[in-house]
Amino acid sequence: MGEWARFAAEVRQHVKVAQRVRDLPPFLFAEISRKIAAKRAQGRDVINLSIGDPDLPPPAHVVERLCEAVRSPGGHVYPESNGEPALRRAMAGWYRQRFGVELDPDREVLPLIGSKEGVGHLGLCLLEPGDVALLPDPAYGTNFSGTVLAGGEPYYLPLLEENDYLPDLAAVPADMARRAGVLWLNYPNNPTAAVAPPAFFGRVVDFAREYDITVLHDAPYTEIAYDGYRPCSFLETKGAREVGIELHSLSKSFSMQGYRVGMAVGNAQIVGALTRLKSHVDSGIPGPIQQAAIAALEGPQDVTVENSRVYQRRRDQIVATLTRLGLRVSPPKASLYVWAPVPDGHTSVTFTNLLLDEADVVVTPGSGFGAHGEGYVRISVTVPDHRLTEALARLESLGERARVAPAGRAAP
């Protein structure tokens, strides 16, 4: 070992990493990416059905606006952390047009560097150390990590098939509800693809008022819906703005996931707290990307309808294949995912590993989203048609070879 290498090793040994970071588990999709890279390094043709990363392109007029803004004389300057007024107005206008919700662009709208930023930072704004956060299980992992980084205590709300993957708020112990600072929700849901009826949101508002809990609704999938279904906004519910906010994103709606544009809208006090935090930790969305977001929000909205048609066709293809394999799958009404049970004799991880090892197909183990995700896998519809067809053909071939079947069902 050379002198510099020895010195670097000694420095690493003396670095003390904060306990709050050491307590964080590896991010699920970082681990999946590592496994994919290892397989591809072996020369394997891996098809990734694990991540909701839209393969369909952003609208052409959005890309054109981005290019124009990058070339403009002011395209390189620092943005404001709370976004350009024109972008906040465009976000408010989109909510008015889509949901009939009126928002004050200056007090009730905050552009985010992707909605994940808001999910990760809201705990710092709303939780004192030791406060309880009511978290759905299974759920997107940043709900948990944002809670832990804020010093909060997670309390998990099981999302069960028999309850249509809605949390049973009446089952939350009163003493735990009184300690709770926030309630996280996400509909259309990731990973289960479940949807929430307006009556459920009404119960949420009543629950939040009874126990003085702030509701944080993460809603990036409302524009990906099937069979004529139109998801609602939590903010359409009477009293919702008094108890919470909603997070949204242009990632899924307009295939702008790499642009990183989201929004927090609703309760002015919560939006103000997040605005103050942002002013200390980032400098906002780059100006040209803000211009692209304005073009998306104020331009033609038919892209979301057309994209949903493509995703619905893929959804149907996945459901048909899994059904032929003997798996009991309900076609989702919205989101980018199919939530499927694993065959008898498998855990979500062993089944995921089987597909990767034997078919070079990657799906997401349900247990990666929480204990109540065990027994399921999540399959994404965001791969090109020809690759999805190939992946599903591999699954059918594997099913024929392994004769796998769920409990109580005959092998196909």
# chains A, B, ... in the order shown; residues from 1 in each chain; ligands from 1
call {"tool": "select_by_dssp", "arguments": {"residues": "segment 185-294 of chain A", "states": "helix (DSSP H, G or I)", "output": "NGL selection string"}}
result
:A and (198-211 or 234-236 or 240-243 or 250-253 or 268-281 or 287-294)
call {"tool": "residues_around", "arguments": {"residues": "Tyr156 of chain A", "least_positions_apart": "3", "cutoff": "8 Å", "atoms": "only C-alpha atoms", "output": "list in words"}}
result
Leu134, Leu135, Pro136 and Asp137 of chain A
call {"tool": "atom_distance", "arguments": {"atom1": "atom CA of His372 of chain A", "atom2": "atom CA of Val338 of chain A"}}
result
16.3 Å
call {"tool": "residues_around", "arguments": {"residues": "segment 364-367 of chain A", "least_positions_apart": "2", "cutoff": "7 Å", "atoms": "only C-alpha atoms", "output": "list of chain:residue names"}}
result
A:Ser50, A:Ser348, A:Val349, A:Thr352, A:Val362, A:Phe369, A:Gly370, A:Ala371, A:His372, A:Gly373, A:Glu374, A:Gly375, A:Tyr376, A:Val377, A:Arg378, A:Ile379
call {"tool": "atom_distance", "arguments": {"atom1": "atom CA of Asp316 of chain A", "atom2": "atom CA of Gly52 of chain A"}}
result
16.7 Å
call {"tool": "closest_residue", "arguments": {"among": "A:Gln291, A:Ser330, A:Gln269, A:Gln312", "to": "Thr192 of chain A", "atoms": "only C-alpha atoms"}}
result
A:Ser330
call {"tool": "atom_distance", "arguments": {"atom1": "atom CA of Ser251 of chain A", "atom2": "atom CA of Pro54 of chain A"}}
result
8.1 Å
call {"tool": "residues_around", "arguments": {"residues": "segment 278-280 of chain A", "least_positions_apart": "5", "cutoff": "9 Å", "atoms": "only C-alpha atoms", "output": "VMD selection string"}}
result
chain A and resid 80 to 82 112 121 273
call {"tool": "write_last_selection", "arguments": {"atoms": "C-alpha atoms", "output": "short mmCIF file (atom, residue, chain, number, x, y, z; two decimals), in the first residue's frame"}}
result
data_model
loop_
_atom_site.label_atom_id
_atom_site.label_comp_id
_atom_site.auth_asym_id
_atom_site.auth_seq_id
_atom_site.Cartn_x
_atom_site.Cartn_y
_atom_site.Cartn_z
CA GLU A 80 -35.01 31.78 -5.67
CA SER A 81 -35.49 28.90 -3.25
CA ASN A 82 -39.26 29.47 -3.19
CA LEU A 112 -39.88 21.64 -4.77
CA HIS A 121 -37.81 17.54 4.82
CA ALA A 273 -42.33 26.34 7.47
#
call {"tool": "closest_residue", "arguments": {"among": "A:Met91, A:Val303, A:Leu49, A:Ala180", "to": "Thr389 of chain A", "atoms": "only C-alpha atoms"}}
result
A:Leu49
call {"tool": "select_by_dssp", "arguments": {"residues": "segment 109-341 of chain A", "states": "strand (DSSP E)", "output": "MDAnalysis selection string"}}
result
chainID A and resid 109:112 132:137 153:158 180:185 214:218 244:249 262:266 337:341
call {"tool": "residues_around", "arguments": {"residues": "segment 233-247 of chain A", "least_positions_apart": "3", "cutoff": "7 Å", "atoms": "only C-alpha atoms", "output": "list in words"}}
result
Phe99, Val101, Ser115, Phe201, Gly202, Val205, Ala208, Thr214, Val215, Leu216, His217, Asp218, Ala219, Met263, Ala264, Val265, Gly266 and Asn267 of chain A
